[in-house]
$ cat structure28.cif   # mmCIF, C-alpha atoms and all ligand atoms
data_model
#
loop_
_atom_site.label_atom_id
_atom_site.label_comp_id
_atom_site.auth_asym_id
_atom_site.auth_seq_id
_atom_site.Cartn_x
_atom_site.Cartn_y
_atom_site.Cartn_z
CA MET A 30 -8.25 -15.86 -0.49
CA ASN A 31 -9.02 -13.00 1.90
CA VAL A 32 -8.52 -9.55 0.39
CA LEU A 33 -8.31 -6.19 2.15
CA LEU A 34 -8.74 -3.30 -0.27
CA VAL A 35 -7.75 0.08 1.15
CA HIS A 36 -9.26 2.84 -0.96
CA ALA A 37 -8.32 6.51 -0.64
CA HIS A 38 -10.15 9.04 -2.82
CA PRO A 39 -12.19 12.03 -1.68
CA GLU A 40 -14.86 11.67 -4.42
CA PRO A 41 -17.21 8.67 -4.10
CA ARG A 42 -17.91 8.63 -7.89
CA SER A 43 -14.27 8.96 -8.95
CA PHE A 44 -12.68 6.73 -11.54
CA THR A 45 -10.44 5.43 -8.75
CA ALA A 46 -13.64 4.32 -6.98
CA ALA A 47 -14.68 2.55 -10.20
CA LEU A 48 -11.40 0.59 -10.00
CA ARG A 49 -12.25 -0.30 -6.39
CA ASP A 50 -15.69 -1.56 -7.44
CA GLN A 51 -14.18 -3.49 -10.32
CA ALA A 52 -11.77 -5.20 -7.93
CA VAL A 53 -14.51 -6.09 -5.42
CA GLU A 54 -16.79 -7.47 -8.14
CA THR A 55 -14.04 -9.45 -9.90
CA LEU A 56 -12.53 -10.92 -6.75
CA GLN A 57 -15.89 -11.86 -5.23
CA ALA A 58 -16.93 -13.49 -8.51
CA GLN A 59 -13.87 -15.70 -8.12
CA GLY A 60 -14.97 -16.74 -4.65
CA HIS A 61 -12.59 -14.53 -2.67
CA GLN A 62 -13.63 -12.74 0.53
CA VAL A 63 -13.16 -8.98 0.25
CA GLN A 64 -13.21 -6.26 2.90
CA VAL A 65 -12.93 -2.62 1.86
CA SER A 66 -11.53 0.18 4.00
CA ASP A 67 -12.81 3.32 2.26
CA LEU A 68 -10.72 5.82 4.18
CA TYR A 69 -12.60 9.03 3.32
CA ALA A 70 -15.99 7.36 3.85
CA MET A 71 -14.74 6.10 7.23
CA ASP A 72 -13.49 9.58 8.11
CA TRP A 73 -10.20 7.87 8.88
CA ASN A 74 -7.86 9.82 11.11
CA PRO A 75 -4.51 9.86 9.28
CA VAL A 76 -2.50 11.64 11.99
CA ALA A 77 -0.12 9.55 14.08
CA SER A 78 -0.15 10.98 17.61
CA ALA A 79 -0.03 10.21 21.32
CA ASP A 80 -3.80 9.67 21.21
CA ASP A 81 -3.14 6.37 19.43
CA PHE A 82 -2.21 4.73 22.75
CA SER A 83 -4.45 4.34 25.79
CA ALA A 84 -1.46 3.24 27.89
CA ARG A 85 2.11 4.47 27.53
CA GLU A 86 5.51 2.94 28.15
CA ASN A 87 6.87 6.47 28.53
CA PRO A 88 4.23 9.14 29.17
CA GLU A 89 6.94 11.85 29.22
CA TYR A 90 8.34 11.43 25.72
CA LEU A 91 6.64 9.89 22.68
CA VAL A 92 8.65 7.36 20.73
CA TYR A 93 5.84 6.31 18.43
CA ALA A 94 7.21 2.93 17.27
CA LEU A 95 8.08 1.85 20.84
CA GLU A 96 4.58 2.73 22.01
CA GLN A 97 3.20 0.73 19.08
CA ARG A 98 5.06 -2.31 20.41
CA LEU A 99 3.58 -1.86 23.88
CA GLY A 100 0.16 -1.22 22.35
CA VAL A 101 0.37 -4.51 20.46
CA LYS A 102 1.44 -6.45 23.57
CA SER A 103 -1.05 -4.89 25.96
CA GLN A 104 -3.84 -4.40 23.40
CA THR A 105 -3.95 -0.69 24.09
CA LEU A 106 -3.80 0.57 20.51
CA ALA A 107 -6.60 2.98 19.56
CA ALA A 108 -9.72 1.09 18.44
CA ASP A 109 -9.58 2.39 14.84
CA ILE A 110 -5.99 1.15 14.44
CA GLN A 111 -6.78 -2.24 15.99
CA GLN A 112 -9.74 -2.71 13.62
CA GLU A 113 -7.59 -2.04 10.56
CA LEU A 114 -4.78 -4.21 11.91
CA ASP A 115 -7.23 -7.09 12.41
CA LYS A 116 -8.36 -6.77 8.79
CA LEU A 117 -4.75 -6.64 7.62
CA LEU A 118 -3.84 -9.79 9.54
CA TRP A 119 -6.95 -11.52 8.18
CA ALA A 120 -5.98 -10.69 4.58
CA ASP A 121 -3.87 -12.81 2.22
CA LEU A 122 -3.77 -9.94 -0.29
CA LEU A 123 -3.64 -6.21 0.46
CA ILE A 124 -4.70 -3.86 -2.34
CA LEU A 125 -3.93 -0.15 -2.04
CA ASN A 126 -6.16 1.78 -4.46
CA PHE A 127 -5.51 5.51 -4.85
CA PRO A 128 -4.78 8.46 -7.15
CA ILE A 129 -1.18 9.62 -7.30
CA TYR A 130 -0.78 12.88 -5.37
CA TRP A 131 2.60 14.57 -5.76
CA PHE A 132 4.43 11.43 -6.87
CA SER A 133 3.01 9.67 -3.83
CA ALA A 134 -0.13 8.53 -2.01
CA PRO A 135 -2.81 10.90 -0.65
CA ALA A 136 -2.13 11.90 2.97
CA MET A 137 -5.19 9.87 4.00
CA LEU A 138 -3.51 6.65 2.84
CA LYS A 139 -0.08 7.66 4.11
CA GLY A 140 -1.72 8.08 7.52
CA TRP A 141 -3.23 4.59 7.30
CA ILE A 142 0.25 3.23 6.63
CA ASP A 143 1.81 5.24 9.47
CA ARG A 144 -0.77 4.14 12.03
CA VAL A 145 -1.67 0.58 10.99
CA LEU A 146 1.63 -0.99 9.96
CA VAL A 147 2.67 -1.24 13.58
CA SER A 148 6.08 -2.07 14.91
CA GLY A 149 5.95 -5.31 16.88
CA ILE A 150 3.76 -7.06 14.31
CA CYS A 151 4.52 -5.79 10.82
CA TYR A 152 8.23 -5.21 11.44
CA GLY A 153 10.68 -4.74 14.28
CA GLY A 154 14.26 -5.69 15.08
CA LYS A 155 15.59 -7.53 12.06
CA ARG A 156 12.15 -8.48 10.83
CA PHE A 157 11.94 -6.67 7.53
CA TYR A 158 12.02 -7.37 3.78
CA ASP A 159 11.79 -11.16 3.36
CA GLN A 160 11.79 -11.52 7.16
CA GLY A 161 9.05 -8.90 7.64
CA GLY A 162 6.10 -9.60 9.90
CA LEU A 163 3.62 -9.83 7.00
CA ARG A 164 5.62 -12.35 4.96
CA GLY A 165 3.49 -14.89 3.15
CA LYS A 166 0.93 -12.28 2.15
CA LYS A 167 0.78 -10.36 -1.14
CA ALA A 168 0.28 -6.71 -2.02
CA LEU A 169 -0.99 -4.95 -5.13
CA VAL A 170 -1.00 -1.21 -5.74
CA SER A 171 -3.63 0.11 -8.17
CA VAL A 172 -3.13 3.75 -9.06
CA THR A 173 -4.61 6.43 -11.27
CA LEU A 174 -2.44 9.19 -12.69
CA GLY A 175 -2.73 12.48 -14.49
CA GLY A 176 0.52 11.81 -16.36
CA ARG A 177 0.84 9.96 -19.66
CA GLU A 178 2.63 6.64 -19.96
CA HIS A 179 5.48 8.04 -22.10
CA MET A 180 6.35 10.52 -19.32
CA PHE A 181 7.58 7.61 -17.17
CA GLY A 182 10.57 5.35 -17.76
CA GLU A 183 14.35 5.60 -18.09
CA GLY A 184 15.14 8.96 -19.69
CA ALA A 185 11.51 10.10 -19.54
CA ILE A 186 10.59 13.43 -17.99
CA HIS A 187 9.40 11.98 -14.67
CA GLY A 188 11.79 9.01 -14.56
CA PRO A 189 10.74 5.41 -13.96
CA LEU A 190 7.36 4.78 -12.34
CA GLU A 191 9.08 2.28 -10.01
CA ASP A 192 11.26 5.14 -8.69
CA MET A 193 8.18 7.25 -8.02
CA LEU A 194 6.45 4.40 -6.18
CA ARG A 195 9.60 3.26 -4.35
CA PRO A 196 8.57 4.57 -0.90
CA ILE A 197 5.36 2.54 -1.16
CA LEU A 198 6.47 -0.56 -3.07
CA ARG A 199 9.83 -1.02 -1.38
CA GLY A 200 9.96 1.21 1.70
CA THR A 201 6.55 0.09 2.93
CA LEU A 202 5.04 -3.03 1.36
CA ALA A 203 8.23 -5.01 0.70
CA TYR A 204 9.72 -3.75 3.98
CA VAL A 205 6.96 -5.41 6.03
CA GLY A 206 7.51 -8.67 4.16
CA LEU A 207 4.71 -8.61 1.59
CA ASP A 208 5.23 -10.11 -1.86
CA VAL A 209 4.69 -7.02 -3.98
CA LEU A 210 3.05 -7.62 -7.34
CA PRO A 211 3.69 -5.22 -10.24
CA PRO A 212 1.37 -2.20 -9.86
CA PHE A 213 -1.74 -1.70 -11.98
CA VAL A 214 -1.63 1.78 -13.53
CA ALA A 215 -4.37 3.80 -15.22
CA TRP A 216 -2.59 6.66 -17.01
CA HIS A 217 -3.83 10.16 -17.87
CA VAL A 218 -7.25 9.33 -16.42
CA PRO A 219 -9.01 12.74 -16.38
CA TYR A 220 -8.03 13.53 -19.99
CA ILE A 221 -8.93 10.36 -21.88
CA SER A 222 -12.30 9.27 -23.28
CA ALA A 223 -14.88 7.36 -21.25
CA GLU A 224 -14.23 4.41 -23.58
CA ALA A 225 -10.50 4.49 -22.83
CA ARG A 226 -11.31 4.50 -19.12
CA GLN A 227 -13.60 1.50 -19.65
CA GLU A 228 -10.64 -0.26 -21.25
CA PHE A 229 -8.62 0.33 -18.10
CA LEU A 230 -11.43 -1.24 -16.07
CA ALA A 231 -11.51 -4.23 -18.42
CA SER A 232 -7.76 -4.73 -18.27
CA TYR A 233 -7.86 -4.43 -14.45
CA GLN A 234 -10.53 -7.15 -14.39
CA GLN A 235 -8.34 -9.35 -16.57
CA ARG A 236 -5.32 -8.66 -14.40
CA LEU A 237 -7.24 -9.58 -11.22
CA GLU A 238 -8.60 -12.76 -12.78
CA ASN A 239 -5.03 -13.88 -13.45
CA LEU A 240 -3.29 -12.62 -10.30
CA GLY A 241 -1.89 -16.08 -9.61
CA GLN A 242 0.34 -15.72 -12.67
CA ASP A 243 1.95 -12.49 -11.47
CA GLN A 244 5.55 -12.72 -10.31
CA PRO A 245 6.39 -10.50 -7.31
CA ILE A 246 8.95 -7.73 -7.80
CA GLU A 247 12.46 -8.66 -6.58
CA PHE A 248 13.63 -6.93 -3.42
CA PRO A 249 16.62 -7.50 -1.12
CA ARG A 250 16.73 -10.57 1.09
CA LEU A 251 18.37 -10.35 4.49
CA SER A 252 20.48 -13.41 3.66
CA GLN A 253 22.34 -11.19 1.16
CA PHE A 254 23.62 -9.04 4.08
CA ASP A 255 25.79 -9.64 7.13
CA ASP A 256 24.81 -8.96 10.77
CA GLY A 257 25.58 -5.26 10.33
CA LEU A 258 23.47 -5.21 7.16
CA TYR A 259 26.48 -4.68 4.93
CA PRO A 260 26.11 -6.46 1.59
CA LEU A 261 27.85 -9.84 1.79
CA ALA A 262 29.21 -9.62 -1.77
CA GLN A 263 30.89 -6.22 -1.32
CA ASN A 264 31.67 -6.09 2.40
CA THR A 265 33.83 -2.94 2.72
CA ARG A 266 34.35 -2.89 6.50
C1 LIG B 1 -3.02 17.02 -4.97
C2 LIG B 1 -2.83 16.33 -6.29
C3 LIG B 1 -1.58 15.92 -6.67
C4 LIG B 1 -1.42 15.23 -7.89
N1 LIG B 1 -0.16 14.80 -8.23
C5 LIG B 1 0.01 14.10 -9.38
C6 LIG B 1 1.31 13.59 -9.73
O1 LIG B 1 2.29 13.74 -9.01
N2 LIG B 1 1.43 12.90 -10.89
C7 LIG B 1 0.35 12.69 -11.73
O2 LIG B 1 0.52 12.05 -12.77
N3 LIG B 1 -0.88 13.15 -11.39
C8 LIG B 1 -1.08 13.84 -10.25
N4 LIG B 1 -2.32 14.29 -9.91
C9 LIG B 1 -3.47 13.93 -10.79
C10 LIG B 1 -4.25 12.75 -10.22
O3 LIG B 1 -3.40 11.66 -9.98
C11 LIG B 1 -5.34 12.36 -11.20
O4 LIG B 1 -6.18 13.47 -11.38
C12 LIG B 1 -6.18 11.20 -10.68
O5 LIG B 1 -5.39 10.06 -10.53
C13 LIG B 1 -7.29 10.88 -11.65
O6 LIG B 1 -8.08 9.81 -11.16
P1 LIG B 1 -9.49 10.12 -10.45
O7 LIG B 1 -10.05 8.86 -9.95
O8 LIG B 1 -9.37 11.25 -9.50
O9 LIG B 1 -10.30 10.60 -11.72
P2 LIG B 1 -11.72 11.39 -11.73
O10 LIG B 1 -11.43 12.84 -11.93
O11 LIG B 1 -12.56 10.96 -10.58
O12 LIG B 1 -12.37 10.76 -13.00
C14 LIG B 1 -11.98 11.11 -14.31
C15 LIG B 1 -13.22 10.93 -15.16
O13 LIG B 1 -13.61 9.56 -15.15
C16 LIG B 1 -15.02 9.51 -15.05
N5 LIG B 1 -15.44 8.20 -14.55
C17 LIG B 1 -15.78 7.84 -13.28
N6 LIG B 1 -16.17 6.56 -13.26
C18 LIG B 1 -16.05 6.08 -14.52
C19 LIG B 1 -16.27 4.82 -15.12
N7 LIG B 1 -16.74 3.80 -14.42
N8 LIG B 1 -16.03 4.69 -16.43
C20 LIG B 1 -15.56 5.71 -17.18
N9 LIG B 1 -15.33 6.95 -16.67
C21 LIG B 1 -15.57 7.13 -15.34
C22 LIG B 1 -15.36 10.65 -14.13
O14 LIG B 1 -16.72 11.01 -14.25
C23 LIG B 1 -14.44 11.73 -14.68
O15 LIG B 1 -15.02 12.38 -15.77
C24 LIG B 1 -2.52 14.98 -8.73
C25 LIG B 1 -3.80 15.42 -8.32
C26 LIG B 1 -3.95 16.09 -7.13
C27 LIG B 1 -5.34 16.54 -6.73
#
$ encode --input "structure28.cif" --output "structure tokens" --more "lines below"
Ligand SMILES: Cc1cc2nc3c(=O)[nH]c(=O)nc-3n(C[C@H](O)[C@H](O)[C@H](O)COP(=O)(O)OP(=O)(O)OC[C@H]3O[C@@H](n4cnc5c(N)ncnc54)[C@H](O)[C@@H]3O)c2cc1C
Amino acid sequence: MNVLLVHAHPEPRSFTAALRDQAVETLQAQGHQVQVSDLYAMDWNPVASADDFSARENPEYLVYALEQRLGVKSQTLAADIQQELDKLLWADLLILNFPIYWFSAPAMLKGWIDRVLVSGICYGGKRFYDQGGLRGKKALVSVTLGGREHMFGEGAIHGPLEDMLRPILRGTLAYVGLDVLPPFVAWHVPYISAEARQEFLASYQQRLENLGQDQPIEFPRLSQFDDGLYPLAQNTR
């Protein structure tokens, strides 16, 4: 299997980086090919802008997604986007590895998503969810958190973790057609003992060694909706 691991943490010796290294080591030991995009180390530009296109459909007014489609067709996407896109299309499994910032991903990673998951390849028209452009590939999110496990869930102070990760798990990864595996979560990372952190690394290794057994999370299928994307079961038009 080909694996693209996108890592976003500003500190090279962070615990999140230890999870990245654990993933690379474990997956390579199993014979998988792994490429890592270490966004801070690459000095990745996370800002979607007109500079992302060397030719424009409409030079007067920027409609970013439409220009992405032209960029795909005419191969005029910025070189850094094209390189990441090539890695993404090569990969059978995409791993996003990052610390939770404000219930979300660091801006660096959000900017990778904005710029690399291009319209015209990853989605477009009615190609989303199970019809998304990246269908057939898998995705895994591995996150570190400051919060404790009991702070997440139904009735817990922060609500369910799945709600917090919804923009990434559903609105991004499932949207472009990836089979999204349940996330790997290391809780309360800065406040626990070094031994407890080692246990997270060991359980991540175990998880990665048994990825084939993971069932993807259920998301909507377009066949459950009519042409106007109203749910077939409760069509209220
Ligand atoms: C802007 C911002 C917003 C945030 N928002 C949220 C939020 O919404 N919700 C939330 O829960 N948290 C939030 N946090 C907290 C953040 O998610 C955690 O601080 C982060 O995930 C911890 O992981 P880390 O990799 O940065 O840990 P680090 O601070 O890098 O590491 C923790 C400790 O692990 C040690 N370590 C490194 N490698 C190893 C190893 N191999 N084995 C054992 N120990 C090791 C390090 O030396 C360090 O002592 C936020 C933080 C910031 C900066």
$ closest_atom_pairs --input "structure28.cif" --of "chain A" --to "ligand LIG 1 (chain B)" --cutoff "9 Å" --atoms "only C-alpha atoms and all ligand atoms" --output "CSV"
residue,atom,partner,partner_atom,distance
A:His38,CA,B:LIG1,O8,7.1
A:Pro39,CA,B:LIG1,O8,8.3
A:Glu40,CA,B:LIG1,O11,6.6
A:Pro41,CA,B:LIG1,O11,8.3
A:Arg42,CA,B:LIG1,C17,5.8
A:Ser43,CA,B:LIG1,O11,3.1
A:Phe44,CA,B:LIG1,C17,3.7
A:Thr45,CA,B:LIG1,O7,3.7
A:Ala46,CA,B:LIG1,O7,6.5
A:Ala47,CA,B:LIG1,N7,4.9
A:Leu48,CA,B:LIG1,N7,7.6
A:Asp50,CA,B:LIG1,N7,8.9
A:Gln51,CA,B:LIG1,N7,8.7
A:Phe127,CA,B:LIG1,O5,7.3
A:Pro128,CA,B:LIG1,O5,3.8
A:Ile129,CA,B:LIG1,O3,4.0
A:Tyr130,CA,B:LIG1,C3,3.4
A:Trp131,CA,B:LIG1,O1,3.4
A:Phe132,CA,B:LIG1,O1,3.8
A:Ser133,CA,B:LIG1,O1,6.6
A:Ala134,CA,B:LIG1,N1,8.8
A:Pro135,CA,B:LIG1,C1,7.5
A:Val172,CA,B:LIG1,O5,6.9
A:Thr173,CA,B:LIG1,O5,3.8
A:Leu174,CA,B:LIG1,O5,3.8
A:Gly175,CA,B:LIG1,N3,3.7
A:Gly176,CA,B:LIG1,O2,3.6
A:Arg177,CA,B:LIG1,O2,7.2
A:Met180,CA,B:LIG1,O2,8.9
A:His187,CA,B:LIG1,N2,8.9
A:Met193,CA,B:LIG1,O1,8.8
A:Ala215,CA,B:LIG1,O5,7.9
A:Trp216,CA,B:LIG1,O2,7.5
A:His217,CA,B:LIG1,O2,7.0
A:Val218,CA,B:LIG1,C13,5.0
A:Pro219,CA,B:LIG1,C14,4.0
A:Tyr220,CA,B:LIG1,C14,7.3
A:Ile221,CA,B:LIG1,C15,8.0
A:Ser222,CA,B:LIG1,N9,7.6
A:Ala223,CA,B:LIG1,C20,4.4
A:Glu224,CA,B:LIG1,C20,6.7
A:Ala225,CA,B:LIG1,C20,7.7
A:Arg226,CA,B:LIG1,C20,4.8
A:Gln227,CA,B:LIG1,N8,5.1
A:Glu228,CA,B:LIG1,C20,8.7
A:Phe229,CA,B:LIG1,N8,8.8
A:Leu230,CA,B:LIG1,N7,7.5
$ write_last_selection --input "structure28.cif" --atoms "C-alpha atoms" --output "PDB file, keeping the file's coordinate frame"
ATOM      1  CA  HIS A  38     -10.150   9.040  -2.820  1.00  0.00           C
ATOM      2  CA  PRO A  39     -12.190  12.030  -1.680  1.00  0.00           C
ATOM      3  CA  GLU A  40     -14.860  11.670  -4.420  1.00  0.00           C
ATOM      4  CA  PRO A  41     -17.210   8.670  -4.100  1.00  0.00           C
ATOM      5  CA  ARG A  42     -17.910   8.630  -7.890  1.00  0.00           C
ATOM      6  CA  SER A  43     -14.270   8.960  -8.950  1.00  0.00           C
ATOM      7  CA  PHE A  44     -12.680   6.730 -11.540  1.00  0.00           C
ATOM      8  CA  THR A  45     -10.440   5.430  -8.750  1.00  0.00           C
ATOM      9  CA  ALA A  46     -13.640   4.320  -6.980  1.00  0.00           C
ATOM     10  CA  ALA A  47     -14.680   2.550 -10.200  1.00  0.00           C
ATOM     11  CA  LEU A  48     -11.400   0.590 -10.000  1.00  0.00           C
ATOM     12  CA  ASP A  50     -15.690  -1.560  -7.440  1.00  0.00           C
ATOM     13  CA  GLN A  51     -14.180  -3.490 -10.320  1.00  0.00           C
ATOM     14  CA  PHE A 127      -5.510   5.510  -4.850  1.00  0.00           C
ATOM     15  CA  PRO A 128      -4.780   8.460  -7.150  1.00  0.00           C
ATOM     16  CA  ILE A 129      -1.180   9.620  -7.300  1.00  0.00           C
ATOM     17  CA  TYR A 130      -0.780  12.880  -5.370  1.00  0.00           C
ATOM     18  CA  TRP A 131       2.600  14.570  -5.760  1.00  0.00           C
ATOM     19  CA  PHE A 132       4.430  11.430  -6.870  1.00  0.00           C
ATOM     20  CA  SER A 133       3.010   9.670  -3.830  1.00  0.00           C
ATOM     21  CA  ALA A 134      -0.130   8.530  -2.010  1.00  0.00           C
ATOM     22  CA  PRO A 135      -2.810  10.900  -0.650  1.00  0.00           C
ATOM     23  CA  VAL A 172      -3.130   3.750  -9.060  1.00  0.00           C
ATOM     24  CA  THR A 173      -4.610   6.430 -11.270  1.00  0.00           C
ATOM     25  CA  LEU A 174      -2.440   9.190 -12.690  1.00  0.00           C
ATOM     26  CA  GLY A 175      -2.730  12.480 -14.490  1.00  0.00           C
ATOM     27  CA  GLY A 176       0.520  11.810 -16.360  1.00  0.00           C
ATOM     28  CA  ARG A 177       0.840   9.960 -19.660  1.00  0.00           C
ATOM     29  CA  MET A 180       6.350  10.520 -19.320  1.00  0.00           C
ATOM     30  CA  HIS A 187       9.400  11.980 -14.670  1.00  0.00           C
ATOM     31  CA  MET A 193       8.180   7.250  -8.020  1.00  0.00           C
ATOM     32  CA  ALA A 215      -4.370   3.800 -15.220  1.00  0.00           C
ATOM     33  CA  TRP A 216      -2.590   6.660 -17.010  1.00  0.00           C
ATOM     34  CA  HIS A 217      -3.830  10.160 -17.870  1.00  0.00           C
ATOM     35  CA  VAL A 218      -7.250   9.330 -16.420  1.00  0.00           C
ATOM     36  CA  PRO A 219      -9.010  12.740 -16.380  1.00  0.00           C
ATOM     37  CA  TYR A 220      -8.030  13.530 -19.990  1.00  0.00           C
ATOM     38  CA  ILE A 221      -8.930  10.360 -21.880  1.00  0.00           C
ATOM     39  CA  SER A 222     -12.300   9.270 -23.280  1.00  0.00           C
ATOM     40  CA  ALA A 223     -14.880   7.360 -21.250  1.00  0.00           C
ATOM     41  CA  GLU A 224     -14.230   4.410 -23.580  1.00  0.00           C
ATOM     42  CA  ALA A 225     -10.500   4.490 -22.830  1.00  0.00           C
ATOM     43  CA  ARG A 226     -11.310   4.500 -19.120  1.00  0.00           C
ATOM     44  CA  GLN A 227     -13.600   1.500 -19.650  1.00  0.00           C
ATOM     45  CA  GLU A 228     -10.640  -0.260 -21.250  1.00  0.00           C
ATOM     46  CA  PHE A 229      -8.620   0.330 -18.100  1.00  0.00           C
ATOM     47  CA  LEU A 230     -11.430  -1.240 -16.070  1.00  0.00           C
TER      48      LEU A 230
END
$ closest_residue --input "structure28.cif" --among "A:Ile142, A:Leu91, A:Ala52, A:Leu123" --to "Pro196 of chain A" --atoms "only C-alpha atoms"
A:Ile142
$ closest_residue --input "structure28.cif" --among "A:Gln244, A:Ser171, A:Gln104, A:Gln64" --to "Lys116 of chain A" --atoms "all atoms listed in the file"
A:Gln64
$ closest_residue --input "structure28.cif" --among "A:Leu95, A:Ala185, A:Ala136, A:Leu261" --to "Gly154 of chain A" --atoms "all atoms listed in the file"
A:Leu95
$ residues_around --input "structure28.cif" --residues "Glu247 of chain A" --least-positions-apart "3" --cutoff "12 Å" --atoms "only C-alpha atoms" --output "number ranges by chain"
A: 158-159, 191, 198-199, 203-204, 206-211, 244, 250
$ closest_residue --input "structure28.cif" --among "A:Asp81, A:Asp67, A:Asp192, A:Glu183" --to "Leu138 of chain A" --atoms "all atoms listed in the file"
A:Asp67
$ build_atoms --input "structure28.cif" --residues "segment 226-247 of chain A" --atoms "N, CA and C atoms" --output "PDB file, in the coordinates of the input"
ATOM      1  N   ARG A 226     -11.259   4.842 -20.558  1.00  0.00           N
ATOM      2  CA  ARG A 226     -11.310   4.500 -19.120  1.00  0.00           C
ATOM      3  C   ARG A 226     -11.949   3.130 -18.922  1.00  0.00           C
ATOM      4  N   GLN A 227     -12.973   2.840 -19.727  1.00  0.00           N
ATOM      5  CA  GLN A 227     -13.600   1.500 -19.650  1.00  0.00           C
ATOM      6  C   GLN A 227     -12.569   0.414 -19.968  1.00  0.00           C
ATOM      7  N   GLU A 228     -11.669   0.736 -20.901  1.00  0.00           N
ATOM      8  CA  GLU A 228     -10.640  -0.260 -21.250  1.00  0.00           C
ATOM      9  C   GLU A 228      -9.712  -0.521 -20.067  1.00  0.00           C
ATOM     10  N   PHE A 229      -9.425   0.543 -19.318  1.00  0.00           N
ATOM     11  CA  PHE A 229      -8.620   0.330 -18.100  1.00  0.00           C
ATOM     12  C   PHE A 229      -9.347  -0.593 -17.133  1.00  0.00           C
ATOM     13  N   LEU A 230     -10.660  -0.380 -16.994  1.00  0.00           N
ATOM     14  CA  LEU A 230     -11.430  -1.240 -16.070  1.00  0.00           C
ATOM     15  C   LEU A 230     -11.408  -2.690 -16.548  1.00  0.00           C
ATOM     16  N   ALA A 231     -11.518  -2.864 -17.865  1.00  0.00           N
ATOM     17  CA  ALA A 231     -11.510  -4.230 -18.420  1.00  0.00           C
ATOM     18  C   ALA A 231     -10.142  -4.879 -18.216  1.00  0.00           C
ATOM     19  N   SER A 232      -9.073  -4.089 -18.423  1.00  0.00           N
ATOM     20  CA  SER A 232      -7.760  -4.730 -18.270  1.00  0.00           C
ATOM     21  C   SER A 232      -7.442  -4.971 -16.788  1.00  0.00           C
ATOM     22  N   TYR A 233      -8.024  -4.162 -15.891  1.00  0.00           N
ATOM     23  CA  TYR A 233      -7.860  -4.430 -14.450  1.00  0.00           C
ATOM     24  C   TYR A 233      -8.582  -5.731 -14.091  1.00  0.00           C
ATOM     25  N   GLN A 234      -9.779  -5.900 -14.649  1.00  0.00           N
ATOM     26  CA  GLN A 234     -10.530  -7.150 -14.390  1.00  0.00           C
ATOM     27  C   GLN A 234      -9.705  -8.361 -14.838  1.00  0.00           C
ATOM     28  N   GLN A 235      -9.140  -8.244 -16.036  1.00  0.00           N
ATOM     29  CA  GLN A 235      -8.340  -9.350 -16.570  1.00  0.00           C
ATOM     30  C   GLN A 235      -7.132  -9.627 -15.688  1.00  0.00           C
ATOM     31  N   ARG A 236      -6.492  -8.537 -15.275  1.00  0.00           N
ATOM     32  CA  ARG A 236      -5.320  -8.660 -14.400  1.00  0.00           C
ATOM     33  C   ARG A 236      -5.694  -9.387 -13.099  1.00  0.00           C
ATOM     34  N   LEU A 237      -6.824  -8.991 -12.502  1.00  0.00           N
ATOM     35  CA  LEU A 237      -7.240  -9.580 -11.220  1.00  0.00           C
ATOM     36  C   LEU A 237      -7.642 -11.045 -11.391  1.00  0.00           C
ATOM     37  N   GLU A 238      -8.199 -11.369 -12.537  1.00  0.00           N
ATOM     38  CA  GLU A 238      -8.600 -12.760 -12.780  1.00  0.00           C
ATOM     39  C   GLU A 238      -7.390 -13.681 -12.928  1.00  0.00           C
ATOM     40  N   ASN A 239      -6.240 -13.076 -13.216  1.00  0.00           N
ATOM     41  CA  ASN A 239      -5.030 -13.880 -13.450  1.00  0.00           C
ATOM     42  C   ASN A 239      -3.912 -13.537 -12.467  1.00  0.00           C
ATOM     43  N   LEU A 240      -4.300 -13.075 -11.282  1.00  0.00           N
ATOM     44  CA  LEU A 240      -3.290 -12.620 -10.300  1.00  0.00           C
ATOM     45  C   LEU A 240      -2.278 -13.702  -9.958  1.00  0.00           C
ATOM     46  N   GLY A 241      -2.760 -14.958  -9.964  1.00  0.00           N
ATOM     47  CA  GLY A 241      -1.890 -16.080  -9.610  1.00  0.00           C
ATOM     48  C   GLY A 241      -0.683 -16.194 -10.525  1.00  0.00           C
ATOM     49  N   GLN A 242      -0.776 -15.628 -11.716  1.00  0.00           N
ATOM     50  CA  GLN A 242       0.340 -15.720 -12.670  1.00  0.00           C
ATOM     51  C   GLN A 242       1.371 -14.620 -12.475  1.00  0.00           C
ATOM     52  N   ASP A 243       1.029 -13.618 -11.667  1.00  0.00           N
ATOM     53  CA  ASP A 243       1.950 -12.490 -11.470  1.00  0.00           C
ATOM     54  C   ASP A 243       3.156 -12.891 -10.650  1.00  0.00           C
ATOM     55  N   GLN A 244       4.325 -12.495 -11.083  1.00  0.00           N
ATOM     56  CA  GLN A 244       5.550 -12.720 -10.310  1.00  0.00           C
ATOM     57  C   GLN A 244       5.814 -11.482  -9.446  1.00  0.00           C
ATOM     58  N   PRO A 245       6.069 -11.660  -8.143  1.00  0.00           N
ATOM     59  CA  PRO A 245       6.390 -10.500  -7.310  1.00  0.00           C
ATOM     60  C   PRO A 245       7.656  -9.796  -7.783  1.00  0.00           C
ATOM     61  N   ILE A 246       7.743  -8.512  -7.487  1.00  0.00           N
ATOM     62  CA  ILE A 246       8.950  -7.730  -7.800  1.00  0.00           C
ATOM     63  C   ILE A 246      10.071  -8.217  -6.878  1.00  0.00           C
ATOM     64  N   GLU A 247      11.297  -8.228  -7.391  1.00  0.00           N
ATOM     65  CA  GLU A 247      12.460  -8.660  -6.580  1.00  0.00           C
ATOM     66  C   GLU A 247      12.897  -7.531  -5.656  1.00  0.00           C
TER      67      GLU A 247
END
